[in-house]
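Chemist: Below is a structure I'd like to ask you about.
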Amino acid sequence: MADLNKEQMAQSLVTQANTIRREMLELERKFNEKKEIFLKIQGSLETLSLLGTEIPPMEDLSQEAAAPAAD
């Protein structure tokens, strides 16, 4: 009987790991898409700046990046 519980626990853990792995891969894909867009925007801003356009300062988000994630 104890072996069955261990097997059920193992199956449950594998299922959870697979689910989390899929979620992490999706988050990574979304992150990479956003990063690409951000880099394109930064390049556009740099070009505008080189052409003499005054660019307003961006927000300083360094404090938000250092804060622990809320669950």
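Chain labels run A, B, ... following the order of the structure tokens; each chain numbers its residues from 1, and ligands are numbered from 1 in the order shown.
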Hey, what does DSSP flag as helix (DSSP H, G or I) within chain A? Can you give it to me as an NGL selection string?

Modeler: :A and (2-50 or 62-66)

Chemist: Output the selection as a JSON list (two decimals), in the first residue's frame - C-alpha atoms for each residue.

Modeler:
```
[["chain", "number", "residue", "atom", "x", "y", "z"],
["A", 2, "ALA", "CA", 2.83, 2.40, 0.83],
["A", 3, "ASP", "CA", 4.40, 1.77, -2.58],
["A", 4, "LEU", "CA", 1.17, 2.85, -4.27],
["A", 5, "ASN", "CA", 1.22, 6.15, -2.36],
["A", 6, "LYS", "CA", 4.83, 6.69, -3.38],
["A", 7, "GLU", "CA", 3.95, 5.98, -7.00],
["A", 8, "GLN", "CA", 0.99, 8.36, -6.84],
["A", 9, "MET", "CA", 3.19, 11.01, -5.26],
["A", 10, "ALA", "CA", 5.85, 10.49, -7.94],
["A", 11, "GLN", "CA", 3.25, 10.78, -10.70],
["A", 12, "SER", "CA", 1.82, 13.92, -9.13],
["A", 13, "LEU", "CA", 5.27, 15.50, -8.88],
["A", 14, "VAL", "CA", 6.08, 14.65, -12.49],
["A", 15, "THR", "CA", 2.77, 16.15, -13.61],
["A", 16, "GLN", "CA", 3.45, 19.32, -11.62],
["A", 17, "ALA", "CA", 6.99, 19.56, -13.00],
["A", 18, "ASN", "CA", 5.72, 19.19, -16.58],
["A", 19, "THR", "CA", 3.09, 21.86, -16.04],
["A", 20, "ILE", "CA", 5.58, 24.29, -14.53],
["A", 21, "ARG", "CA", 8.11, 23.58, -17.30],
["A", 22, "ARG", "CA", 5.46, 24.42, -19.94],
["A", 23, "GLU", "CA", 4.53, 27.62, -18.10],
["A", 24, "MET", "CA", 8.20, 28.64, -17.82],
["A", 25, "LEU", "CA", 8.78, 28.05, -21.53],
["A", 26, "GLU", "CA", 5.75, 30.19, -22.37],
["A", 27, "LEU", "CA", 6.95, 32.95, -20.04],
["A", 28, "GLU", "CA", 10.41, 32.79, -21.62],
["A", 29, "ARG", "CA", 8.86, 33.10, -25.10],
["A", 30, "LYS", "CA", 6.81, 36.11, -24.02],
["A", 31, "PHE", "CA", 9.84, 37.66, -22.31],
["A", 32, "ASN", "CA", 11.93, 37.30, -25.45],
["A", 33, "GLU", "CA", 9.20, 38.90, -27.57],
["A", 34, "LYS", "CA", 8.93, 41.87, -25.19],
["A", 35, "LYS", "CA", 12.72, 42.19, -25.00],
["A", 36, "GLU", "CA", 12.95, 42.34, -28.80],
["A", 37, "ILE", "CA", 10.29, 45.06, -28.96],
["A", 38, "PHE", "CA", 12.03, 47.00, -26.17],
["A", 39, "LEU", "CA", 15.38, 46.86, -27.96],
["A", 40, "LYS", "CA", 13.78, 48.13, -31.17],
["A", 41, "ILE", "CA", 12.22, 51.02, -29.26],
["A", 42, "GLN", "CA", 15.56, 51.83, -27.64],
["A", 43, "GLY", "CA", 17.19, 51.88, -31.08],
["A", 44, "SER", "CA", 14.49, 54.21, -32.41],
["A", 45, "LEU", "CA", 14.96, 56.54, -29.45],
["A", 46, "GLU", "CA", 18.72, 56.56, -29.97],
["A", 47, "THR", "CA", 18.24, 57.41, -33.66],
["A", 48, "LEU", "CA", 15.87, 60.24, -32.79],
["A", 49, "SER", "CA", 18.38, 61.51, -30.25],
["A", 50, "LEU", "CA", 21.17, 61.48, -32.84],
["A", 62, "SER", "CA", 15.76, 49.91, -10.53],
["A", 63, "GLN", "CA", 13.90, 49.85, -7.19],
["A", 64, "GLU", "CA", 11.11, 47.72, -8.67],
["A", 65, "ALA", "CA", 13.59, 45.26, -10.13],
["A", 66, "ALA", "CA", 15.24, 44.83, -6.74]]
```
